[in-house]
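J.: Here you go, this is coords14.cif (mmCIF, C-alpha atoms).
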data_model
loop_
_atom_site.group_PDB
_atom_site.id
_atom_site.type_symbol
_atom_site.label_atom_id
_atom_site.label_comp_id
_atom_site.auth_asym_id
_atom_site.auth_seq_id
_atom_site.Cartn_x
_atom_site.Cartn_y
_atom_site.Cartn_z
ATOM 1 C CA MET A 1 0.173 12.200 -18.549
ATOM 2 C CA ASN A 2 0.319 9.114 -20.742
ATOM 3 C CA GLN A 3 -0.372 6.415 -18.147
ATOM 4 C CA PRO A 4 -2.017 6.549 -14.723
ATOM 5 C CA VAL A 5 -0.113 6.414 -11.463
ATOM 6 C CA SER A 6 -1.035 3.533 -9.161
ATOM 7 C CA ILE A 7 -1.798 4.553 -5.579
ATOM 8 C CA ILE A 8 -1.379 1.998 -2.785
ATOM 9 C CA LEU A 9 -3.713 2.736 0.133
ATOM 10 C CA PRO A 10 -3.927 0.527 3.242
ATOM 11 C CA ASN A 11 -7.047 0.904 5.396
ATOM 12 C CA TYR A 12 -7.813 0.044 9.003
ATOM 13 C CA LYS A 13 -10.930 1.167 10.878
ATOM 14 C CA THR A 14 -11.016 4.864 9.969
ATOM 15 C CA PRO A 15 -14.374 5.444 8.215
ATOM 16 C CA GLU A 16 -14.365 9.251 8.192
ATOM 17 C CA LEU A 17 -10.667 9.499 7.392
ATOM 18 C CA THR A 18 -10.874 6.976 4.561
ATOM 19 C CA ARG A 19 -13.819 8.818 3.041
ATOM 20 C CA LEU A 20 -12.006 12.147 3.273
ATOM 21 C CA CYS A 21 -8.780 10.812 1.759
ATOM 22 C CA LEU A 22 -10.465 9.196 -1.225
ATOM 23 C CA ARG A 23 -12.850 12.073 -1.857
ATOM 24 C CA SER A 24 -9.943 14.525 -1.839
ATOM 25 C CA LEU A 25 -8.130 12.380 -4.407
ATOM 26 C CA ARG A 26 -11.286 12.224 -6.504
ATOM 27 C CA LYS A 27 -11.880 15.973 -6.255
ATOM 28 C CA TYR A 28 -8.373 17.152 -7.060
ATOM 29 C CA THR A 29 -7.140 14.557 -9.562
ATOM 30 C CA PRO A 30 -8.168 13.811 -13.163
ATOM 31 C CA HIS A 31 -10.018 10.499 -12.985
ATOM 32 C CA ASP A 32 -7.841 8.845 -15.614
ATOM 33 C CA ALA A 33 -4.594 9.957 -13.942
ATOM 34 C CA ILE A 34 -4.663 7.545 -11.008
ATOM 35 C CA ARG A 35 -5.478 3.920 -10.303
ATOM 36 C CA ILE A 36 -6.194 3.257 -6.630
ATOM 37 C CA ILE A 37 -5.518 -0.124 -5.021
ATOM 38 C CA ALA A 38 -6.907 -0.132 -1.477
ATOM 39 C CA VAL A 39 -6.174 -2.942 0.963
ATOM 40 C CA ASP A 40 -8.446 -3.354 3.961
ATOM 41 C CA ASN A 41 -6.881 -5.002 6.993
ATOM 42 C CA ALA A 42 -9.980 -6.845 8.226
ATOM 43 C CA SER A 43 -11.575 -3.646 9.513
ATOM 44 C CA GLY A 44 -15.051 -5.131 9.780
ATOM 45 C CA ASP A 45 -16.563 -1.658 10.067
ATOM 46 C CA GLU A 46 -18.110 1.158 8.045
ATOM 47 C CA SER A 47 -14.808 1.939 6.304
ATOM 48 C CA VAL A 48 -14.723 -1.373 4.413
ATOM 49 C CA GLU A 49 -18.386 -0.969 3.519
ATOM 50 C CA TYR A 50 -17.518 2.413 2.065
ATOM 51 C CA LEU A 51 -14.616 0.985 0.061
ATOM 52 C CA ARG A 52 -16.870 -1.731 -1.343
ATOM 53 C CA SER A 53 -19.275 0.943 -2.597
ATOM 54 C CA LEU A 54 -16.682 2.649 -4.820
ATOM 55 C CA GLY A 55 -16.614 1.413 -8.393
ATOM 56 C CA TRP A 56 -13.444 3.348 -9.257
ATOM 57 C CA ILE A 57 -11.002 1.611 -6.919
ATOM 58 C CA ARG A 58 -9.548 -1.891 -6.734
ATOM 59 C CA LEU A 59 -10.223 -3.320 -3.266
ATOM 60 C CA ILE A 60 -8.302 -6.178 -1.672
ATOM 61 C CA GLU A 61 -9.897 -7.474 1.528
ATOM 62 C CA ARG A 62 -7.927 -9.302 4.179
ATOM 63 C CA THR A 63 -9.575 -11.547 6.756
ATOM 64 C CA PRO A 64 -8.767 -11.704 10.486
ATOM 65 C CA ALA A 65 -6.857 -14.930 9.759
ATOM 66 C CA ASP A 66 -4.691 -13.081 7.211
ATOM 67 C CA ILE A 67 -3.386 -10.648 9.822
ATOM 68 C CA ALA A 68 -3.462 -12.854 12.931
ATOM 69 C CA GLY A 69 -0.516 -12.161 15.213
ATOM 70 C CA MET A 70 0.734 -9.192 13.205
ATOM 71 C CA ALA A 71 1.809 -5.994 14.915
ATOM 72 C CA PRO A 72 0.073 -2.903 13.444
ATOM 73 C CA ALA A 73 3.205 -1.817 11.555
ATOM 74 C CA LEU A 74 3.617 -5.213 9.876
ATOM 75 C CA MET A 75 -0.096 -5.376 9.115
ATOM 76 C CA HIS A 76 0.276 -2.047 7.326
ATOM 77 C CA THR A 77 3.410 -2.834 5.330
ATOM 78 C CA THR A 78 2.341 -6.304 4.212
ATOM 79 C CA ALA A 79 -0.909 -4.774 2.969
ATOM 80 C CA MET A 80 1.149 -2.412 0.838
ATOM 81 C CA ASP A 81 3.047 -5.344 -0.648
ATOM 82 C CA LEU A 82 -0.206 -7.088 -1.553
ATOM 83 C CA ALA A 83 -1.182 -4.025 -3.564
ATOM 84 C CA LEU A 84 2.295 -3.662 -5.067
ATOM 85 C CA LYS A 85 1.991 -7.106 -6.669
ATOM 86 C CA GLU A 86 -0.903 -5.779 -8.771
ATOM 87 C CA VAL A 87 0.791 -2.570 -9.926
ATOM 88 C CA ASP A 88 1.581 -2.507 -13.639
ATOM 89 C CA THR A 89 1.952 1.247 -14.176
ATOM 90 C CA PRO A 90 5.336 3.014 -14.580
ATOM 91 C CA PHE A 91 4.934 4.868 -11.291
ATOM 92 C CA VAL A 92 3.485 3.832 -7.941
ATOM 93 C CA LEU A 93 2.626 6.068 -5.005
ATOM 94 C CA SER A 94 2.475 4.837 -1.421
ATOM 95 C CA PHE A 95 -0.210 6.731 0.457
ATOM 96 C CA HIS A 96 -1.947 6.828 3.848
ATOM 97 C CA THR A 97 -5.598 7.474 4.615
ATOM 98 C CA ASP A 98 -4.454 10.393 6.798
ATOM 99 C CA THR A 99 -2.895 12.177 3.810
ATOM 100 C CA ILE A 100 -5.320 14.669 2.280
ATOM 101 C CA VAL A 101 -4.659 16.450 -1.028
ATOM 102 C CA TYR A 102 -6.071 19.909 -1.624
ATOM 103 C CA SER A 103 -4.443 21.156 -4.814
ATOM 104 C CA PRO A 104 -5.312 20.144 -8.393
ATOM 105 C CA ASP A 105 -1.577 20.312 -9.177
ATOM 106 C CA TRP A 106 -0.449 17.846 -6.520
ATOM 107 C CA LEU A 107 0.238 14.889 -8.822
ATOM 108 C CA GLU A 108 1.979 16.872 -11.550
ATOM 109 C CA PHE A 109 4.126 18.453 -8.856
ATOM 110 C CA LEU A 110 5.274 15.040 -7.574
ATOM 111 C CA LEU A 111 5.880 13.723 -11.075
ATOM 112 C CA GLY A 112 7.949 16.750 -12.091
ATOM 113 C CA PRO A 113 11.354 15.728 -10.669
ATOM 114 C CA ILE A 114 11.077 12.051 -11.585
ATOM 115 C CA ASN A 115 10.039 12.858 -15.162
ATOM 116 C CA ARG A 116 12.920 15.308 -15.605
ATOM 117 C CA ASN A 117 15.674 12.986 -14.398
ATOM 118 C CA GLU A 118 15.815 9.250 -15.091
ATOM 119 C CA LYS A 119 18.305 8.790 -12.239
ATOM 120 C CA ILE A 120 15.651 9.721 -9.686
ATOM 121 C CA ALA A 121 13.952 6.576 -8.374
ATOM 122 C CA GLY A 122 11.698 8.162 -5.759
ATOM 123 C CA VAL A 123 10.147 11.473 -4.732
ATOM 124 C CA GLY A 124 8.608 12.358 -1.368
ATOM 125 C CA SER A 125 9.421 13.709 2.067
ATOM 126 C CA TRP A 126 10.929 12.691 5.376
ATOM 127 C CA LYS A 127 8.136 14.246 7.408
ATOM 128 C CA LEU A 128 5.117 16.179 6.275
ATOM 129 C CA GLU A 129 4.173 18.659 8.923
ATOM 130 C CA PHE A 130 4.494 22.385 9.510
ATOM 131 C CA VAL A 131 7.023 23.337 12.180
ATOM 132 C CA PRO A 132 7.185 27.071 13.034
ATOM 133 C CA PRO A 133 10.582 28.608 12.106
ATOM 134 C CA LEU A 134 11.404 29.499 15.721
ATOM 135 C CA LYS A 135 10.737 25.957 16.910
ATOM 136 C CA ARG A 136 12.730 24.552 13.985
ATOM 137 C CA PHE A 137 15.641 26.861 14.882
ATOM 138 C CA GLY A 138 15.560 25.830 18.529
ATOM 139 C CA LYS A 139 15.426 22.136 17.645
ATOM 140 C CA GLY A 140 18.409 22.586 15.333
ATOM 141 C CA ILE A 141 20.478 24.122 18.141
ATOM 142 C CA GLU A 142 19.421 21.385 20.557
ATOM 143 C CA ASP A 143 20.313 18.608 18.106
ATOM 144 C CA GLY A 144 23.635 20.287 17.320
ATOM 145 C CA LEU A 145 24.599 20.393 20.996
ATOM 146 C CA LYS A 146 23.623 16.736 21.441
ATOM 147 C CA ARG A 147 25.827 15.749 18.493
ATOM 148 C CA VAL A 148 28.780 17.696 19.923
ATOM 149 C CA LEU A 149 28.304 15.953 23.267
ATOM 150 C CA GLY A 150 27.942 12.574 21.568
ATOM 151 C CA LYS A 151 24.357 12.156 22.767
ATOM 152 C CA LYS A 152 22.709 12.071 19.346
ATOM 153 C CA LYS A 153 23.414 9.651 16.539
ATOM 154 C CA PRO A 154 23.090 10.794 12.902
ATOM 155 C CA GLU A 155 19.464 10.478 11.803
ATOM 156 C CA TYR A 156 18.761 8.168 8.886
ATOM 157 C CA ARG A 157 16.200 9.854 6.668
ATOM 158 C CA PHE A 158 14.191 8.157 3.959
ATOM 159 C CA LEU A 159 11.071 8.793 1.897
ATOM 160 C CA ARG A 160 8.197 8.002 4.243
ATOM 161 C CA SER A 161 5.222 6.044 3.006
ATOM 162 C CA HIS A 162 2.577 8.683 3.770
ATOM 163 C CA CYS A 163 3.369 10.014 0.278
ATOM 164 C CA ALA A 164 6.251 8.524 -1.707
ATOM 165 C CA LEU A 165 6.340 8.194 -5.485
ATOM 166 C CA TYR A 166 8.552 5.475 -7.028
ATOM 167 C CA ARG A 167 9.502 4.075 -10.394
ATOM 168 C CA THR A 168 7.697 0.734 -10.291
ATOM 169 C CA ASP A 169 10.292 -1.265 -12.210
ATOM 170 C CA LEU A 170 13.113 -0.155 -9.906
ATOM 171 C CA LEU A 171 11.035 -0.786 -6.808
ATOM 172 C CA LYS A 172 10.359 -4.347 -7.894
ATOM 173 C CA GLN A 173 13.855 -5.021 -9.218
ATOM 174 C CA TYR A 174 16.054 -3.681 -6.429
ATOM 175 C CA THR A 175 14.025 -3.793 -3.205
ATOM 176 C CA ARG A 176 12.303 -6.263 -0.900
ATOM 177 C CA GLY A 177 9.139 -4.184 -0.839
ATOM 178 C CA PHE A 178 7.567 -2.533 2.191
ATOM 179 C CA GLY A 179 6.920 -5.426 4.567
ATOM 180 C CA ASP A 180 10.478 -6.437 5.353
ATOM 181 C CA GLY A 181 10.503 -5.766 9.089
ATOM 182 C CA GLU A 182 11.712 -2.179 8.841
ATOM 183 C CA CYS A 183 9.737 1.046 8.897
ATOM 184 C CA ALA A 184 7.831 1.316 5.598
ATOM 185 C CA GLY A 185 10.116 2.819 2.966
ATOM 186 C CA SER A 186 13.333 2.561 4.987
ATOM 187 C CA SER A 187 15.025 -0.386 3.268
ATOM 188 C CA ILE A 188 13.520 0.658 -0.074
ATOM 189 C CA HIS A 189 15.391 3.948 0.187
ATOM 190 C CA ARG A 190 18.619 2.193 1.128
ATOM 191 C CA CYS A 191 18.361 -0.364 -1.677
ATOM 192 C CA LEU A 192 17.600 2.167 -4.390
ATOM 193 C CA THR A 193 20.433 4.491 -3.407
ATOM 194 C CA ALA A 194 22.808 1.507 -3.205
ATOM 195 C CA ALA A 195 21.781 0.665 -6.792
ATOM 196 C CA GLY A 196 23.004 4.100 -7.859
ATOM 197 C CA TYR A 197 19.711 5.997 -7.992
ATOM 198 C CA ASP A 198 18.777 9.295 -6.375
ATOM 199 C CA MET A 199 15.872 9.969 -4.022
ATOM 200 C CA GLU A 200 14.346 13.439 -4.164
ATOM 201 C CA PHE A 201 13.351 14.954 -0.823
ATOM 202 C CA ILE A 202 10.709 17.670 -1.013
ATOM 203 C CA PRO A 203 10.894 20.090 1.958
ATOM 204 C CA PRO A 204 7.750 19.793 4.096
ATOM 205 C CA GLU A 205 7.121 23.541 3.871
ATOM 206 C CA VAL A 206 6.839 23.066 0.087
ATOM 207 C CA LEU A 207 4.826 19.831 0.054
ATOM 208 C CA ILE A 208 2.205 21.176 2.468
ATOM 209 C CA LYS A 209 1.147 23.587 -0.269
ATOM 210 C CA TYR A 210 -0.342 20.548 -2.004
ATOM 211 C CA MET A 211 -1.405 18.176 0.771
ATOM 212 C CA ASP A 212 -1.975 17.757 4.480
ATOM 213 C CA HIS A 213 -0.757 14.873 6.628
ATOM 214 C CA LEU A 214 -2.860 14.238 9.741
ATOM 215 C CA ASN A 215 -0.031 12.598 11.658
ATOM 216 C CA HIS A 216 -0.835 9.378 13.551
ATOM 217 C CA ALA A 217 -4.554 9.755 12.813
ATOM 218 C CA THR A 218 -5.174 5.996 12.512
ATOM 219 C CA MET A 219 -3.650 5.404 15.953
ATOM 220 C CA ILE A 220 -5.521 8.356 17.450
ATOM 221 C CA LEU A 221 -8.808 6.957 16.149
ATOM 222 C CA ASN A 222 -7.855 3.439 17.301
ATOM 223 C CA PRO A 223 -6.268 3.922 20.755
ATOM 224 C CA ALA A 224 -5.732 0.178 21.220
ATOM 225 C CA ILE A 225 -2.973 0.153 18.584
ATOM 226 C CA GLY A 226 -1.425 3.498 19.497
ATOM 227 C CA SER A 227 0.715 4.912 22.276
ATOM 228 C CA ARG A 228 -0.056 6.888 25.415
ATOM 229 C CA LYS A 229 0.573 10.078 23.444
ATOM 230 C CA THR A 230 -1.799 9.245 20.578
ATOM 231 C CA ALA A 231 -4.445 7.991 23.022
ATOM 232 C CA ALA A 232 -4.488 11.282 24.946
ATOM 233 C CA PRO A 233 -7.676 13.399 24.702
ATOM 234 C CA LYS A 234 -5.562 16.328 23.478
ATOM 235 C CA ALA A 235 -4.492 14.326 20.409
ATOM 236 C CA ARG A 236 -8.118 13.461 19.588
ATOM 237 C CA GLN A 237 -9.213 17.085 19.991
ATOM 238 C CA SER A 238 -6.420 18.312 17.718
ATOM 239 C CA LEU A 239 -7.327 15.770 15.036
ATOM 240 C CA GLU A 240 -11.020 16.661 15.160
ATOM 241 C CA SER A 241 -10.128 20.332 14.796
ATOM 242 C CA ARG A 242 -8.093 19.609 11.667
ATOM 243 C CA LEU A 243 -10.780 17.357 10.209
ATOM 244 C CA ALA A 244 -13.280 20.192 10.607
ATOM 245 C CA ARG A 245 -11.444 22.091 7.849
ATOM 246 C CA TYR A 246 -12.647 19.493 5.357
ATOM 247 C CA ARG A 247 -16.371 19.450 6.167
ATOM 248 C CA ALA A 248 -17.296 20.416 2.595
ATOM 249 C CA ILE A 249 -15.489 17.408 1.082
ATOM 250 C CA LEU A 250 -16.872 15.045 3.717
ATOM 251 C CA ALA A 251 -20.377 16.273 2.938
ATOM 252 C CA ASP A 252 -20.028 15.884 -0.859
ATOM 253 C CA ASP A 253 -21.385 12.417 -1.649
ATOM 254 C CA SER A 254 -21.116 13.137 -5.375
ATOM 255 C CA LEU A 255 -17.346 12.580 -5.112
ATOM 256 C CA ASP A 256 -17.993 8.869 -4.544
ATOM 257 C CA LYS A 257 -19.352 8.423 -8.064
#
Reformat the file's structure so that it appears as structure tokens.
T.:
Amino acid sequence: MNQPVSIILPNYKTPELTRLCLRSLRKYTPHDAIRIIAVDNASGDESVEYLRSLGWIRLIERTPADIAGMAPALMHTTAMDLALKEVDTPFVLSFHTDTIVYSPDWLEFLLGPINRNEKIAGVGSWKLEFVPPLKRFGKGIEDGLKRVLGKKKPEYRFLRSHCALYRTDLLKQYTRGFGDGECAGSSIHRCLTAAGYDMEFIPPEVLIKYMDHLNHATMILNPAIGSRKTAAPKARQSLESRLARYRAILADDSLDK
């Protein structure tokens, strides 16, 4: 790898999650292979204190005035655009604090398709979660019936920002960035394909061999910005169970150095 990949990482009030995400990146990535730009959305808690303690990341801190009146989604996407302005590497990776890598090959795997084909502008996934084959089969039948009955519109799929790798020059030349009022990555996908480039979707059952996505973890840990579903005790219990798998990384303070 000749030049590092820039990683854009927004943060909002998730101390344990933020620590786990960054320590997993540190543990499973050559130190000179990535350049992390974290943006804190006025967390005012232990998570921003943790970010300040790391000498190997670039931290941008927003104040409460910077995000006043913003909905959580806009707060997130505009933070990503702040980081994007500072990216000067050939590739940039949008990332979430609830995405945890656990394979030393994760970055090379993502770079593979985009390095092999100059027409590919982005690599990532639509969703990153394991769905049992039987449930996936049943959902496929259900969706098919809804389409036949005219009750389901075609689903627009794009590379989601929990883990999406882009060519930086194309991202800056052809898109409006992340904070354009749409779901993060949606208009980016549309603009890049309209410009004649391809977007490589990695099947979730393949990508989960390299990383784990703790879906909606920020909202689960901050019920005030979530939904009734993410605020439910069952969601919190499920998240805590998944976090327990990573106790060793969370306990390894040496990864902060």
J.: Could you write out as an mmCIF file with C-alpha atoms, keeping the file's coordinate frame the residues that the PyMOL selection byres ((chain A and resi 54) around 12) matches in the shown file?
T.:
data_model
loop_
_atom_site.group_PDB
_atom_site.id
_atom_site.type_symbol
_atom_site.label_atom_id
_atom_site.label_comp_id
_atom_site.auth_asym_id
_atom_site.auth_seq_id
_atom_site.Cartn_x
_atom_site.Cartn_y
_atom_site.Cartn_z
ATOM 1 C CA THR A 18 -10.874 6.976 4.561
ATOM 2 C CA ARG A 19 -13.819 8.818 3.041
ATOM 3 C CA LEU A 22 -10.465 9.196 -1.225
ATOM 4 C CA ARG A 23 -12.850 12.073 -1.857
ATOM 5 C CA ARG A 26 -11.286 12.224 -6.504
ATOM 6 C CA ILE A 36 -6.194 3.257 -6.630
ATOM 7 C CA ILE A 37 -5.518 -0.124 -5.021
ATOM 8 C CA ALA A 38 -6.907 -0.132 -1.477
ATOM 9 C CA SER A 47 -14.808 1.939 6.304
ATOM 10 C CA VAL A 48 -14.723 -1.373 4.413
ATOM 11 C CA GLU A 49 -18.386 -0.969 3.519
ATOM 12 C CA TYR A 50 -17.518 2.413 2.065
ATOM 13 C CA LEU A 51 -14.616 0.985 0.061
ATOM 14 C CA ARG A 52 -16.870 -1.731 -1.343
ATOM 15 C CA SER A 53 -19.275 0.943 -2.597
ATOM 16 C CA GLY A 55 -16.614 1.413 -8.393
ATOM 17 C CA TRP A 56 -13.444 3.348 -9.257
ATOM 18 C CA ILE A 57 -11.002 1.611 -6.919
ATOM 19 C CA ARG A 58 -9.548 -1.891 -6.734
ATOM 20 C CA LEU A 59 -10.223 -3.320 -3.266
ATOM 21 C CA ASP A 253 -21.385 12.417 -1.649
ATOM 22 C CA SER A 254 -21.116 13.137 -5.375
ATOM 23 C CA LEU A 255 -17.346 12.580 -5.112
ATOM 24 C CA ASP A 256 -17.993 8.869 -4.544
ATOM 25 C CA LYS A 257 -19.352 8.423 -8.064
#
J.: Specify as an NGL selection string each residue included when the PyMOL selection byres ((chain A and resi 98-105) around 9) is applied to this file.
T.: :A and (17-18 or 20-25 or 27-30 or 95-97 or 106-110 or 162-163 or 209-218)
J.: As a check of understanding, name the residues that the PyMOL selection byres ((chain A and resi 40) around 12) selects in the supplied structure, as an NGL selection string.
T.: :A and (8-15 or 18 or 37-39 or 41-52 or 58-64 or 66-67 or 75-80 or 82-83 or 97)
J.: Quick one: everything within 12 Å of Ala235 (chain A), counting only C-alpha atoms, minus sequence neighbours fewer than 4 positions away in the same chain. Send it as a list in words.
T.: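 Listing them by chain and then by number gives Leu214, Asn215, His216, Ala217, Thr218, Met219, Ile220, Leu221, Asn222, Pro223, Gly226, Ser227, Arg228, Lys229, Thr230, Ala231, Leu239, Glu240, Ser241 and Arg242 of chain A.
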J.: Residues near Gly124 (chain A), anyone? I mean within 8 Å using all atoms listed in the file, not counting same-chain ones fewer than 6 positions away, as JSON, numbers by chain.
T.: {"A": [110, 159, 160, 163, 164, 165, 200, 201, 202]}
J.: State, in Å with one decimal place, the distance from CA of Thr193 (chain A) to CA of Thr175 (chain A).
T.: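 A separation of 10.5 Å between them.
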J.: CA of Arg167 (chain A) and CA of Trp126 (chain A) are how many Å apart?
T.: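 It comes out at 18.0 Å.
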J.: What is the distance, in Å and to one decimal place, between CA of Pro90 (chain A) and CA of Leu170 (chain A)?
T.: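 Separation of CA of Pro90 (chain A) and CA of Leu170 (chain A): 9.6 Å.
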J.: Assuming 8 Å of padding per side, give the centre and edge lengths of the axis-aligned box around every listed atom of region 48-56 of chain A, in Å to one decimal and as AutoDock Vina command-line options.
T.:
--center_x -16.4 --center_y 0.8 --center_z -2.4 --size_x 21.8 --size_y 21.1 --size_z 29.7
J.: For Leu74 (chain A), which of A:Ala121, A:Phe158, A:Gly181, A:Asp252 is the closest residue, counting only C-alpha atoms?
T.: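 Nearest candidate to Leu74 (chain A) out of A:Ala121, A:Phe158, A:Gly181, A:Asp252: A:Gly181.
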J.: Which residue out of A:Tyr166, A:Lys127, A:Val206, A:Ser161 has the minimum interatomic distance to Ser186 (chain A) when only C-alpha atoms are used?
T.: A:Ser161
J.: Just checking: using all atoms listed in the file, which residue out of A:Leu128, A:Cys191, A:Val92, A:Ala251 ends up closest to Ile114 (chain A)?
T.: A:Val92
J.: Region 52-135 of chain A from the block above, C-alpha atoms, as a compact mmCIF listing (two decimals), in the first residue's frame, please?
T.:
# COMPACT_ATOMS: atom_id res chain seq x y z
CA ARG A 52 -8.38 13.88 22.75
CA SER A 53 -6.00 11.38 24.37
CA LEU A 54 -5.10 9.66 21.08
CA GLY A 55 -2.04 11.06 19.36
CA TRP A 56 -2.60 9.02 16.18
CA ILE A 57 -5.89 10.54 15.05
CA ARG A 58 -6.94 13.95 13.77
CA LEU A 59 -9.80 15.25 15.93
CA ILE A 60 -12.27 17.94 14.90
CA GLU A 61 -14.47 19.15 17.76
CA ARG A 62 -17.83 20.76 17.19
CA THR A 63 -19.51 22.96 19.79
CA PRO A 64 -23.20 22.90 20.77
CA ALA A 65 -23.63 26.07 18.68
CA ASP A 66 -22.24 24.24 15.62
CA ILE A 67 -25.00 21.63 15.71
CA ALA A 68 -27.86 23.69 17.15
CA GLY A 69 -31.19 22.76 15.59
CA MET A 70 -29.79 19.83 13.62
CA ALA A 71 -31.60 16.51 13.51
CA PRO A 72 -29.31 13.58 14.44
CA ALA A 73 -28.99 12.44 10.81
CA LEU A 74 -27.90 15.88 9.61
CA MET A 75 -25.54 16.25 12.56
CA HIS A 76 -23.91 13.00 11.48
CA THR A 77 -23.62 13.73 7.76
CA THR A 78 -22.36 17.30 8.13
CA ALA A 79 -19.68 15.98 10.48
CA MET A 80 -18.57 13.63 7.72
CA ASP A 81 -18.30 16.53 5.30
CA LEU A 82 -16.13 18.47 7.74
CA ALA A 83 -13.70 15.55 7.75
CA LEU A 84 -13.93 15.10 3.98
CA LYS A 85 -12.59 18.62 3.45
CA GLU A 86 -9.32 17.53 5.08
CA VAL A 87 -8.86 14.31 3.11
CA ASP A 88 -5.92 14.38 0.71
CA THR A 89 -5.38 10.64 0.21
CA PRO A 90 -6.45 8.74 -2.95
CA PHE A 91 -9.07 6.76 -1.05
CA VAL A 92 -11.45 7.70 1.75
CA LEU A 93 -13.53 5.37 3.90
CA SER A 94 -16.72 6.44 5.65
CA PHE A 95 -17.04 4.58 8.94
CA HIS A 96 -19.25 4.41 12.03
CA THR A 97 -18.23 3.90 15.64
CA ASP A 98 -20.51 0.83 15.68
CA THR A 99 -18.45 -0.88 12.96
CA ILE A 100 -15.83 -3.19 14.47
CA VAL A 101 -13.09 -4.84 12.40
CA TYR A 102 -11.70 -8.20 13.45
CA SER A 103 -9.53 -9.37 10.57
CA PRO A 104 -6.02 -8.15 9.68
CA ASP A 105 -7.01 -8.45 6.00
CA TRP A 106 -10.04 -6.17 6.17
CA LEU A 107 -8.50 -3.14 4.45
CA GLU A 108 -6.74 -5.07 1.69
CA PHE A 109 -10.02 -6.88 1.05
CA LEU A 110 -11.89 -3.58 0.55
CA LEU A 111 -9.14 -2.13 -1.62
CA GLY A 112 -8.99 -5.20 -3.87
CA PRO A 113 -11.87 -4.40 -6.26
CA ILE A 114 -11.16 -0.68 -6.51
CA ASN A 115 -7.46 -1.27 -7.21
CA ARG A 116 -8.23 -3.83 -9.92
CA ASN A 117 -10.70 -1.69 -11.86
CA GLU A 118 -10.39 2.06 -12.38
CA LYS A 119 -14.08 2.27 -13.29
CA ILE A 120 -15.08 1.35 -9.75
CA ALA A 121 -15.67 4.50 -7.70
CA GLY A 122 -16.86 2.90 -4.47
CA VAL A 123 -16.86 -0.38 -2.55
CA GLY A 124 -19.09 -1.35 0.37
CA SER A 125 -22.42 -2.90 1.25
CA TRP A 126 -26.11 -2.11 1.40
CA LYS A 127 -26.55 -3.62 4.85
CA LEU A 128 -24.04 -5.36 7.05
CA GLU A 129 -25.81 -7.92 9.15
CA PHE A 130 -26.24 -11.68 9.20
CA VAL A 131 -29.71 -12.87 8.20
CA PRO A 132 -30.30 -16.64 8.52
CA PRO A 133 -30.93 -18.29 5.10
CA LEU A 134 -34.46 -19.38 6.05
CA LYS A 135 -35.43 -15.88 7.11
